[in-house]
Amino acid sequence: MRNDILLTVFCAWLAAQLIKAAIEFWFTRRITWRVLFGMGGMPSSHSASVTSLSTAVGLHVGFNSALFAVTAILAAIVMTDAAGVRRAAGRHASVLNWLLSDFLDEEEQADQTPPEQPSNMPPEQPSSFEMNIPLPLQELLGHTPVQVVVGGLLGIVAAVVYYTIAM
């Protein structure tokens with residue numbers, strides 16, 4: 001089967017991820033697989049994906065269709081979330097990592113063993129060890145508004161280029 005809309009979204013996502021990896025390589029002179037498959041960074045692959053989806057749907061079924069309206073609203077929600085909630089979660093992870101580094105010494109971080117509680121003390125909140133939280137927490141989760149806009153523009157361009165070539 002050949003689904004031009006899914007192929008368009010995949011191409012936009014892949015282009016964004018390759019651009020991220022190229023930018024990382026430019027600055028560090030090394031290939032970082034985390035950047036190629038991870039979240040965050042310039043440009044936003046989430047934004048590229050949803051704007052290419054919306055643009056491809058508009059090109060395929062028309063920009064006056066209900067389906068285009070649904071995908072356009074989905075794109076707006078995802079892009080707002082990427083620059084808002086997910087970015088804030090990344091900032092929170094950064095602060096938590098900083099706080100944890102102050103309270104844990106290097107041996108505790110390596111072992112991640114929970115401290116012993118005296119039997120007459122009330123139980124404390126579960127530790128990161130008990131909750132299986134990997135330390136350090138991932139900080140690069142969201143995007144700056146510029147990264148979201150660039151990703152969105154990349155998605156639109158990817159869809160237009162794909163449909164120009166495919167049709």
# chains A, B, ... in the order shown; residues from 1 in each chain; ligands from 1
call {"tool": "residues_around", "arguments": {"residues": "region 157-162 of chain A", "least_positions_apart": "3", "cutoff": "6 Å", "atoms": "only C-alpha atoms", "output": "number ranges by chain"}}
result
A: 8, 12, 52, 56, 154, 165-166
call {"tool": "select_by_dssp", "arguments": {"residues": "region 21-57 of chain A", "states": "alpha helix (DSSP H)", "output": "number ranges by chain"}}
result
A: 21-28, 33-37, 45-57
call {"tool": "write_last_selection", "arguments": {"atoms": "N, CA and C atoms", "output": "short mmCIF file (atom, residue, chain, number, x, y, z; two decimals), in the first residue's frame"}}
result
data_model
loop_
_atom_site.label_atom_id
_atom_site.label_comp_id
_atom_site.auth_asym_id
_atom_site.auth_seq_id
_atom_site.Cartn_x
_atom_site.Cartn_y
_atom_site.Cartn_z
N ALA A 21 20.43 16.18 13.90
CA ALA A 21 21.70 15.45 13.99
C ALA A 21 22.82 16.22 13.30
N ALA A 22 22.52 16.84 12.17
CA ALA A 22 23.54 17.63 11.46
C ALA A 22 23.97 18.84 12.28
N ILE A 23 23.02 19.51 12.93
CA ILE A 23 23.35 20.66 13.77
C ILE A 23 24.22 20.21 14.95
N GLU A 24 23.84 19.10 15.57
CA GLU A 24 24.62 18.57 16.69
C GLU A 24 26.03 18.21 16.24
N PHE A 25 26.14 17.57 15.07
CA PHE A 25 27.45 17.19 14.54
C PHE A 25 28.29 18.43 14.23
N TRP A 26 27.66 19.46 13.71
CA TRP A 26 28.36 20.70 13.38
C TRP A 26 29.04 21.30 14.61
N PHE A 27 28.33 21.27 15.74
CA PHE A 27 28.86 21.88 16.95
C PHE A 27 29.76 20.96 17.76
N THR A 28 29.53 19.66 17.74
CA THR A 28 30.30 18.75 18.58
C THR A 28 31.29 17.90 17.81
N TRP A 33 23.46 9.54 18.67
CA TRP A 33 22.24 8.80 18.32
C TRP A 33 21.04 9.30 19.11
N ARG A 34 21.26 9.78 20.34
CA ARG A 34 20.17 10.31 21.15
C ARG A 34 19.48 11.46 20.44
N VAL A 35 20.26 12.28 19.75
CA VAL A 35 19.68 13.42 19.04
C VAL A 35 18.87 12.94 17.83
N LEU A 36 19.36 11.92 17.16
CA LEU A 36 18.68 11.43 15.97
C LEU A 36 17.32 10.82 16.30
N PHE A 37 17.19 10.18 17.44
CA PHE A 37 15.94 9.51 17.77
C PHE A 37 15.21 10.13 18.96
N SER A 45 10.58 18.16 15.51
CA SER A 45 10.06 17.12 14.61
C SER A 45 8.56 16.90 14.86
N HIS A 46 8.09 17.17 16.07
CA HIS A 46 6.65 17.08 16.32
C HIS A 46 5.91 18.12 15.48
N SER A 47 6.43 19.34 15.48
CA SER A 47 5.80 20.39 14.69
C SER A 47 5.88 20.09 13.20
N ALA A 48 7.03 19.61 12.75
CA ALA A 48 7.18 19.25 11.34
C ALA A 48 6.19 18.16 10.96
N SER A 49 6.00 17.19 11.84
CA SER A 49 5.09 16.08 11.55
C SER A 49 3.64 16.54 11.44
N VAL A 50 3.19 17.32 12.42
CA VAL A 50 1.77 17.70 12.40
C VAL A 50 1.45 18.75 11.34
N THR A 51 2.39 19.65 11.05
CA THR A 51 2.10 20.61 9.98
C THR A 51 2.17 19.94 8.61
N SER A 52 3.06 18.95 8.45
CA SER A 52 3.07 18.23 7.18
C SER A 52 1.80 17.41 7.03
N LEU A 53 1.30 16.84 8.13
CA LEU A 53 0.04 16.10 8.10
C LEU A 53 -1.10 17.03 7.66
N SER A 54 -1.18 18.16 8.29
CA SER A 54 -2.25 19.11 7.98
C SER A 54 -2.15 19.61 6.54
N THR A 55 -0.94 19.95 6.11
CA THR A 55 -0.74 20.44 4.74
C THR A 55 -1.04 19.34 3.73
N ALA A 56 -0.59 18.12 3.99
CA ALA A 56 -0.85 17.00 3.08
C ALA A 56 -2.34 16.72 2.97
N VAL A 57 -3.04 16.76 4.09
CA VAL A 57 -4.50 16.56 4.06
C VAL A 57 -5.15 17.67 3.24
#
call {"tool": "closest_residue", "arguments": {"among": "A:Met167, A:Ala66, A:Ile31, A:Ala16", "to": "Gly152 (chain A)", "atoms": "only C-alpha atoms"}}
result
A:Ala16
call {"tool": "atom_distance", "arguments": {"atom1": "CA of Met42 (chain A)", "atom2": "CA of Val70 (chain A)"}}
result
26.0 Å
call {"tool": "atom_distance", "arguments": {"atom1": "CA of Phe68 (chain A)", "atom2": "CA of Lys20 (chain A)"}}
result
28.1 Å
